[in-house]
Amino acid sequence: MGFRFMRWAAFGTLVGCLSGYALKSSKGDMSAPIVMGLVGFALGMGGLAFVSIVHRGLKWDRPMTNLAAIVAPLGGAVVGGCVGAVSNLGRVMLAIFNPDLPEMDFLITFGAIGGVFIGAVVGVCLVPITGALVRRVKAKQLRSDETVLDPDSTM
């Protein structure tokens with residue numbers, strides 16, 4: 001229980017502190033990261049409680065949960081959001097969805113939103129492909145490790 005507790009608490013606190021650091025108003029003021037870190041800690045503990053209750057109540061077996069199917073869209077969304085924010089995806093998204101908005105105000109936001117959606121879809125598509133490749137490589141390794149006796153050889 002200790003490691004699970006620390007993982008949820010540390011992740012929530014880290015995300016809260018980073019978002020508080022991004023929101024702080026002056027350079028010397030550290031109240032925003034501290035307050036947001038505490039909010040992140042509370043949300044992390046709430047998430048741990050929710051997941052624990054759901055797993056116990058629904059009798060979900062953790063080894064049966066496909067963690068790759070959960071991590072892939074999340075990772076794809078994070079990477080896609082970062083790439084979409086720094087690329088020209090925002091111009092394309094603005095041109096398609098709302099060309100009346102000023103580009104200088106909404107370019108990064110629309111790029112990040114589009115990148116999140118595209119990255120999540122790409123992440124979901126890459127999981128079955130990589131899973132099939134890994135299974136195929138393991139099957140080849142198993143076949144090459146087996147030794148077949150030649151029926152014509154004498155001992």
# chains A, B, ... in the order shown; residues from 1 in each chain; ligands from 1
call {"tool": "select_by_dssp", "arguments": {"residues": "chain A", "states": "helix (DSSP H, G or I)", "output": "VMD selection string"}}
result
chain A and resid 2 to 23 31 to 58 62 to 64 67 to 86 89 to 97 103 to 145
call {"tool": "residues_around", "arguments": {"residues": "segment 113-122 of chain A", "least_positions_apart": "4", "cutoff": "10 Å", "atoms": "only C-alpha atoms", "output": "CSV table (one decimal) with N, CA and C atoms, in the first residue's frame"}}
result
chain,number,residue,atom,x,y,z
A,71,VAL,N,-2.3,3.2,-21.4
A,71,VAL,CA,-1.2,4.1,-21.5
A,71,VAL,C,-1.0,4.6,-22.9
A,72,ALA,N,-1.3,3.9,-23.9
A,72,ALA,CA,-1.0,4.3,-25.3
A,72,ALA,C,-1.8,5.6,-25.7
A,73,PRO,N,-3.1,5.7,-25.5
A,73,PRO,CA,-3.7,6.9,-25.8
A,73,PRO,C,-3.3,8.1,-24.9
A,74,LEU,N,-3.0,7.8,-23.7
A,74,LEU,CA,-2.6,8.9,-22.8
A,74,LEU,C,-1.2,9.4,-23.3
A,75,GLY,N,-0.3,8.5,-23.6
A,75,GLY,CA,1.0,8.9,-24.1
A,75,GLY,C,0.9,9.6,-25.4
A,76,GLY,N,0.1,9.1,-26.3
A,76,GLY,CA,-0.1,9.7,-27.6
A,76,GLY,C,-0.7,11.1,-27.5
A,77,ALA,N,-1.6,11.3,-26.5
A,77,ALA,CA,-2.3,12.6,-26.3
A,77,ALA,C,-1.2,13.6,-25.8
A,78,VAL,N,-0.4,13.2,-24.9
A,78,VAL,CA,0.6,14.1,-24.4
A,78,VAL,C,1.6,14.5,-25.5
A,79,VAL,N,2.1,13.5,-26.2
A,79,VAL,CA,3.1,13.8,-27.2
A,79,VAL,C,2.4,14.6,-28.3
A,80,GLY,N,1.2,14.2,-28.7
A,80,GLY,CA,0.5,15.0,-29.8
A,80,GLY,C,0.2,16.4,-29.4
A,81,GLY,N,-0.2,16.6,-28.1
A,81,GLY,CA,-0.4,18.0,-27.7
A,81,GLY,C,0.8,18.9,-27.7
A,82,CYS,N,1.9,18.3,-27.3
A,82,CYS,CA,3.2,19.1,-27.3
A,82,CYS,C,3.6,19.4,-28.8
A,83,VAL,N,3.5,18.4,-29.6
A,83,VAL,CA,3.9,18.6,-31.0
A,83,VAL,C,2.9,19.5,-31.7
A,84,GLY,N,1.7,19.4,-31.5
A,84,GLY,CA,0.7,20.2,-32.1
A,84,GLY,C,0.8,21.7,-31.7
A,85,ALA,N,1.2,21.9,-30.4
A,85,ALA,CA,1.4,23.3,-30.0
A,85,ALA,C,2.5,24.0,-30.6
A,86,VAL,N,3.6,23.3,-31.0
A,86,VAL,CA,4.8,24.0,-31.5
A,86,VAL,C,4.8,23.9,-33.1
A,87,SER,N,3.9,23.1,-33.7
A,87,SER,CA,3.9,23.0,-35.1
A,87,SER,C,2.8,23.9,-35.7
A,89,LEU,N,0.0,23.1,-36.8
A,89,LEU,CA,-1.3,22.4,-36.8
A,89,LEU,C,-2.4,23.4,-36.3
A,90,GLY,N,-2.0,24.3,-35.5
A,90,GLY,CA,-3.0,25.3,-35.1
A,90,GLY,C,-3.6,26.1,-36.3
A,92,VAL,N,-4.0,25.0,-39.3
A,92,VAL,CA,-4.9,24.1,-40.0
A,92,VAL,C,-6.2,24.0,-39.3
A,93,MET,N,-6.1,23.8,-37.9
A,93,MET,CA,-7.3,23.6,-37.1
A,93,MET,C,-8.2,24.9,-37.1
A,94,LEU,N,-7.6,26.1,-37.1
A,94,LEU,CA,-8.3,27.3,-37.1
A,94,LEU,C,-9.0,27.5,-38.5
A,108,ILE,N,-1.8,28.4,-30.7
A,108,ILE,CA,-1.2,27.4,-29.9
A,108,ILE,C,-2.3,26.5,-29.2
A,109,THR,N,-3.3,27.1,-28.8
A,109,THR,CA,-4.4,26.3,-28.2
A,109,THR,C,-5.0,25.4,-29.1
A,126,LEU,N,-1.2,2.3,-32.7
A,126,LEU,CA,0.1,1.7,-32.6
A,126,LEU,C,0.2,0.5,-31.6
A,127,VAL,N,-0.7,0.5,-30.6
A,127,VAL,CA,-0.7,-0.6,-29.7
A,127,VAL,C,-0.9,-2.0,-30.3
call {"tool": "closest_residue", "arguments": {"among": "A:Leu18, A:Ala9, A:Val54, A:Val134", "to": "Val35 of chain A", "atoms": "only C-alpha atoms"}}
result
A:Leu18
call {"tool": "atom_distance", "arguments": {"atom1": "atom CA of Val15 of chain A", "atom2": "atom CA of Leu48 of chain A"}}
result
15.2 Å
call {"tool": "atom_distance", "arguments": {"atom1": "atom CA of Ser31 of chain A", "atom2": "atom CA of Gly12 of chain A"}}
result
17.0 Å
call {"tool": "residues_around", "arguments": {"residues": "segment 38-45 of chain A", "least_positions_apart": "6", "cutoff": "10 Å", "atoms": "only C-alpha atoms", "output": "short mmCIF file (atom, residue, chain, number, x, y, z; two decimals) with C-alpha atoms, in the first residue's frame"}}
result
data_model
loop_
_atom_site.label_atom_id
_atom_site.label_comp_id
_atom_site.auth_asym_id
_atom_site.auth_seq_id
_atom_site.Cartn_x
_atom_site.Cartn_y
_atom_site.Cartn_z
CA PHE A 5 0.11 5.63 -2.01
CA MET A 6 3.40 7.38 -2.79
CA ARG A 7 2.97 7.00 -6.54
CA TRP A 8 -0.47 8.62 -6.61
CA ALA A 9 0.52 11.32 -4.12
CA ALA A 10 3.78 12.17 -5.88
CA PHE A 11 2.20 12.34 -9.33
CA GLY A 12 -0.67 14.56 -8.14
CA THR A 13 1.67 16.86 -6.23
CA LEU A 14 4.10 17.12 -9.14
CA VAL A 15 1.40 17.98 -11.66
CA GLY A 16 -0.14 20.47 -9.23
CA CYS A 17 3.19 22.19 -8.52
CA LEU A 18 4.04 22.42 -12.21
CA SER A 19 0.67 23.89 -13.09
CA GLY A 20 0.94 26.32 -10.15
CA ALA A 32 0.58 29.35 -6.32
CA VAL A 51 -9.65 3.37 -8.24
#
